[in-house]
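> Questions regarding the structure given below will be posed in turn.
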Amino acid sequence: MMSGRISLSTPLSYRFVSRCLLLNEGRGTSSLRCLHDWVSGGGGAGVEINHQRFSSRFRPTSSHHGPIIRGKKSLTNNSKGNGNGGNSSPTPVSQLFVPVPVKIETDVGNDVGVELTGDLKKQDVLRVLNKFFRRSEIKLLSLEHGLDNYLFHQAFISFRKYCLENESLPVDLHIIFSDVIAGAGHVDNLFSYFMRHSKQIFPHLECMDDLRKISDLRSPANWYPEARSLTRKVIYHAGPTNSGKTYHALKRFLDSKSGVYCGPLKLLAVEVFHKANEQGTVCDLVTGEERKCGSPDEIAASHVACTVEMTSVNVPYEVAVIDEIQMLRDPQRGWAWTRALLGVMADEVHLCGEVAAIDLVRSIMVTTGEEVEVYKYKRLTDLDIERRALETLNRVQPGDCIVCFSKNDIYSVSRQIESLGHEVAVIYGGLPPGTKLAQAKKFNDPDNPCKIMVATDAIGMGLNLSIRRVIFYSMIKPTMNEKGEREMDTISTSQALQIAGRAGRYGTQFSKGHVTTFKSEDLPVLERLLAGTPEILRQAGLHPTAEQIEMYAYHLPNATLSNLMDIFVSLCTVDDSLYFMCNVDDFKFLADMIQHVPLPLRARYVFCCAPINKKMPFVCTMFLKFARQYSKNEPITFDWLCRHVGWPFNPPKTILDLVHLESVFDVLDLYLWLSYRFQDLFPDSSMVRDIQRELDSVIQMGVFNITRLLRKSDLATGIDIETDDDERGIHKKYKRTSKLLKEKFGKFE
């Protein structure tokens, strides 16, 4: 006998129960148990139903307001510090959830509902559904259960499709429709079925609390219990460019028993790697694309120079040096500095950076219970702002560096200067590290006739240059705003100080630095910027981890990775007095690109973390090909790669050729980056590194030639066959390297 009592005080409840009893005849107790569960509030829709009002739920009166249902609060995201300050304008959270398709039953056999009440006419069902949709009471109840207007509308569309296209509705739902159509039931009785359907298509309705807990980022210091178990000494070396702040931190690094240097650029990590080993401190190099041991016997050293993203938070050190700490505000990469600051396991943590970051670092360290010692340094050489702008390139002098903020300006200025008979060194962000170093060496060499440099703000860090005067060709630079949108704006005080500070390096022939602008109207802007102080940093960047996204995927198995990231950013809660969520647009771009490729979630996440330039079509194409090969479990071999990148490489004949070779270099970098994360399927890293060195030589030769070609109005007419000693040296090196590679690996057509 079933426990519990069922009121039969109304004609409808009697009719309904009678049909269920008839339905149960010859079918055992399962249907009665379902009826009992439904009446006692189980209902299959996850809502609570007032038992005492069960009979009145079916009373077809105009004054009836539907079942008494208690649910959760609506899905909103208006809490303070939701953490999407570094991304585009936030989309309402509800609109990020994509409805999961529900299977439509087309089997008309065994339709018990039809046996009990007869067929339902589609137009009658549609009329009932439309009436249900229009009721304000239903919308209010839906809101209490997490369905705002958008989700309610999407759920209703799916529910209506389910009811109209399903050839065989569940028996209880069929009977409810029949009763409402016959005037013996109320349209509100559909609500529990509507909610059951809604939770099928929007599974987040059952796990919103879990999702919010997973994305609670208010205490990132607690993510690193190993670091919290130490009593770390935090020392901040603050000062402008050429103040010696990094020198003092590195001195402690080199004198320590063990240490890690965390730099913003591969060039800086390589420089520290070489400096340490030259001074007798065995040091390893770890970057996203490269691992190199300082010891000849390949034994891991106690000192490591790495890029900041590669900082280990599991290895204990005596000393850690985190360079350019002010970059924790960077919209894309800031999370890496925050992670290193909070998580590095070192007895002493030395931070090098601008004065503007001191207060933020102190506030963050309060959350870890650590104090910050601050040492401030002054610039070691004088920096003079000239009272006159350059105005014409005829007035360039040896030791000048003209800073441009676009490649077109780089090419134009280089062409004009060379037409005046000056040799030019060219440096911009897209060049390989080896080419940048070669151009820097050429410019720094007092015996080399090249005395003028044209560069982008890539010279701001990572290169040691003997610059006498910095000339800003423009004060306007393309930037990425907080919404992830590209815009043109005047450079910041911090950028102006960083770039201008490259003039006049301590210990070089130019002990005093000079700075000016190319245009007269820009000079007052420069003076104002250099007279100011960098804006005080208020927030440090955070980024979702692979583990957090995996937990999201467990709760939302049908969501795409890009969609999961959107939902995470929208639901996350951060302490916005200290942190912001870094821009994830590049991550989402890659996630969307490979969404159709079948990959495990963790592998997909790793692929999307790859540091590639999404503006380079060839790099994006190869990224997609790598993902496809990986998904098929087919190794990306040296042979396969050479066929796709066009090895052996020919010297560029036009600027477009040079740009393509730069893209190829980035593809090889991408291969090496993936090879350290998926060694089995990217097995030929050593050979790829060999041809990358060859390509670097080719690009160096191309840069020497291209700067000469820029004098010509038609870049497609050919290349100047004259070469100087530097070019001949590079050409010989290229031919020798190419010959050795072909002998070693063969020629790939």
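Residues in the structure tokens are numbered from 1 in each chain, the chains being A, B, ... in the order shown, and ligands are numbered from 1 in the order shown.
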For Met345 in chain A, work out the shell of residues within 7 Å, counting only C-alpha atoms and skipping chain neighbours fewer than 3 positions away, then give it as a list in words.
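Counting only the stated atoms, we get Glu226, Ala227, Val313, Asn314, Val315, Pro316 and Tyr317 of chain A.
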> Could you name the residues that touch range 502-519 of chain A at 9 Å or less, counting only C-alpha atoms, but leaving out those on the same chain fewer than 2 positions away, as JSON, numbers by chain?
{"A": [241, 242, 243, 244, 380, 381, 382, 383, 384, 385, 386, 387, 388, 389, 390, 391, 392, 393, 399, 400, 401, 402, 459, 460, 461, 464, 465, 466, 467, 468, 469, 470, 471, 472, 473, 474, 475, 497, 498, 499, 500, 521, 522, 523, 526, 527]}
> Would you save the residues from that selection as a compact mmCIF listing (two decimals), in the first residue's frame, using N, CA and C atoms?

```txt
# COMPACT_ATOMS: atom_id res chain seq x y z
N THR A 241 64.18 53.55 -15.70
CA THR A 241 65.14 52.87 -16.56
C THR A 241 66.54 53.42 -16.32
N ASN A 242 67.54 52.54 -16.38
CA ASN A 242 68.95 52.93 -16.17
C ASN A 242 69.20 53.46 -14.75
N SER A 243 68.55 52.84 -13.78
CA SER A 243 68.78 53.24 -12.38
C SER A 243 69.55 52.19 -11.60
N GLY A 244 69.77 51.01 -12.19
CA GLY A 244 70.53 49.96 -11.53
C GLY A 244 69.70 49.07 -10.62
N LEU A 380 71.00 56.75 -13.15
CA LEU A 380 72.45 56.89 -13.03
C LEU A 380 73.03 57.91 -14.00
N THR A 381 72.29 58.23 -15.05
CA THR A 381 72.76 59.22 -16.02
C THR A 381 71.70 60.29 -16.20
N ASP A 382 72.12 61.47 -16.63
CA ASP A 382 71.18 62.56 -16.86
C ASP A 382 70.40 62.34 -18.15
N LEU A 383 69.16 62.81 -18.17
CA LEU A 383 68.32 62.75 -19.36
C LEU A 383 67.83 64.16 -19.67
N ASP A 384 68.21 64.66 -20.83
CA ASP A 384 67.90 66.04 -21.20
C ASP A 384 66.81 66.06 -22.28
N ILE A 385 65.76 66.84 -22.03
CA ILE A 385 64.72 67.04 -23.05
C ILE A 385 65.13 68.23 -23.91
N GLU A 386 65.40 67.98 -25.16
CA GLU A 386 65.84 69.06 -26.05
C GLU A 386 64.69 70.04 -26.30
N ARG A 387 65.03 71.28 -26.47
CA ARG A 387 64.02 72.32 -26.63
C ARG A 387 63.52 72.44 -28.05
N ARG A 388 64.09 71.71 -28.94
CA ARG A 388 63.69 71.79 -30.34
C ARG A 388 63.42 70.40 -30.88
N ALA A 389 62.36 70.30 -31.64
CA ALA A 389 62.05 69.02 -32.29
C ALA A 389 63.00 68.80 -33.47
N LEU A 390 63.08 67.56 -33.91
CA LEU A 390 63.98 67.24 -35.03
C LEU A 390 63.49 67.88 -36.32
N GLU A 391 62.22 67.76 -36.61
CA GLU A 391 61.52 68.38 -37.74
C GLU A 391 61.90 67.82 -39.10
N THR A 392 63.15 67.48 -39.32
CA THR A 392 63.57 66.91 -40.60
C THR A 392 64.62 65.83 -40.35
N LEU A 393 64.58 64.79 -41.14
CA LEU A 393 65.53 63.69 -40.99
C LEU A 393 66.93 64.08 -41.41
N GLY A 399 74.11 57.83 -33.11
CA GLY A 399 73.57 57.49 -31.81
C GLY A 399 72.09 57.77 -31.67
N ASP A 400 71.45 58.28 -32.74
CA ASP A 400 70.01 58.56 -32.69
C ASP A 400 69.19 57.28 -32.87
N CYS A 401 68.10 57.22 -32.14
CA CYS A 401 67.12 56.13 -32.32
C CYS A 401 65.76 56.78 -32.52
N ILE A 402 65.19 56.59 -33.69
CA ILE A 402 63.86 57.14 -34.00
C ILE A 402 62.83 56.07 -33.69
N ILE A 459 62.17 48.41 -28.16
CA ILE A 459 63.44 48.69 -27.49
C ILE A 459 63.24 49.05 -26.02
N GLY A 460 61.97 49.19 -25.60
CA GLY A 460 61.68 49.62 -24.23
C GLY A 460 62.24 48.69 -23.18
N MET A 461 62.36 47.40 -23.50
CA MET A 461 62.96 46.44 -22.56
C MET A 461 63.53 45.28 -23.35
N ASN A 464 70.10 45.80 -24.70
CA ASN A 464 71.07 46.79 -24.24
C ASN A 464 71.55 47.58 -25.45
N LEU A 465 71.24 48.86 -25.48
CA LEU A 465 71.54 49.69 -26.64
C LEU A 465 72.29 50.95 -26.22
N SER A 466 73.27 51.32 -27.02
CA SER A 466 74.04 52.55 -26.77
C SER A 466 73.39 53.69 -27.55
N ILE A 467 72.34 54.24 -26.99
CA ILE A 467 71.58 55.30 -27.66
C ILE A 467 71.95 56.65 -27.05
N ARG A 468 72.26 57.61 -27.90
CA ARG A 468 72.54 58.96 -27.41
C ARG A 468 71.26 59.76 -27.29
N ARG A 469 70.40 59.64 -28.32
CA ARG A 469 69.17 60.44 -28.33
C ARG A 469 68.01 59.59 -28.84
N VAL A 470 66.90 59.67 -28.11
CA VAL A 470 65.65 59.03 -28.54
C VAL A 470 64.76 60.10 -29.17
N ILE A 471 64.26 59.81 -30.35
CA ILE A 471 63.39 60.75 -31.08
C ILE A 471 62.05 60.07 -31.30
N PHE A 472 61.00 60.62 -30.72
CA PHE A 472 59.66 60.07 -30.92
C PHE A 472 59.11 60.57 -32.26
N TYR A 473 58.95 59.65 -33.20
CA TYR A 473 58.42 60.04 -34.51
C TYR A 473 56.95 60.46 -34.39
N SER A 474 56.25 59.86 -33.42
CA SER A 474 54.86 60.19 -33.13
C SER A 474 54.62 59.92 -31.65
N MET A 475 53.62 60.57 -31.10
CA MET A 475 53.23 60.31 -29.71
C MET A 475 51.93 59.51 -29.64
N LEU A 497 58.35 57.33 -20.29
CA LEU A 497 59.53 57.23 -19.44
C LEU A 497 60.36 56.00 -19.77
N GLN A 498 59.68 54.89 -20.05
CA GLN A 498 60.38 53.64 -20.36
C GLN A 498 61.20 53.78 -21.64
N ILE A 499 60.60 54.37 -22.69
CA ILE A 499 61.29 54.49 -23.98
C ILE A 499 62.35 55.58 -23.93
N ALA A 500 61.99 56.74 -23.41
CA ALA A 500 62.95 57.84 -23.33
C ALA A 500 64.15 57.46 -22.47
N GLU A 521 54.84 69.99 -32.79
CA GLU A 521 53.62 70.01 -31.97
C GLU A 521 53.60 68.89 -30.93
N ASP A 522 54.46 67.88 -31.11
CA ASP A 522 54.51 66.77 -30.14
C ASP A 522 55.42 67.06 -28.95
N LEU A 523 56.30 68.06 -29.08
CA LEU A 523 57.28 68.31 -28.02
C LEU A 523 56.63 68.70 -26.69
N LEU A 526 55.41 65.56 -25.04
CA LEU A 526 56.50 64.78 -24.47
C LEU A 526 56.96 65.39 -23.14
N GLU A 527 57.10 66.71 -23.13
CA GLU A 527 57.54 67.38 -21.90
C GLU A 527 56.56 67.13 -20.77
```
> If you count only C-alpha atoms, which residues fall within 10 Å of Arg628 in chain A, apart from same-chain ones fewer than 5 positions away, as a list in words?
Ile594, His596, Val597, Pro598, Leu599, Met622, Phe623, Asn633 and Glu634 of chain A
> Mind dumping a table of every range 636-716 of chain A residue within 10 Å of range 612-617 of chain A, with the nearest atom pair and its distance in Å to one decimal, using only C-alpha atoms, sorted by chain and rising number, as a tab-separated table?

```
residue	atom	partner	partner_atom	distance
A:Val659	CA	A:Met616	CA	9.4
A:His660	CA	A:Met616	CA	8.9
A:Glu662	CA	A:Met616	CA	9.6
A:Ser663	CA	A:Met616	CA	6.7
A:Val664	CA	A:Met616	CA	9.9
A:Asp666	CA	A:Ile612	CA	7.3
A:Val667	CA	A:Ile612	CA	8.4
A:Asp669	CA	A:Ile612	CA	8.9
A:Leu670	CA	A:Ile612	CA	7.2
```
> Grab the CA of Trp223 in chain A to CA of Arg604 in chain A distance for me, in Å with one decimal place.
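Answer for the CA of Trp223 in chain A to CA of Arg604 in chain A separation: 23.3 Å.
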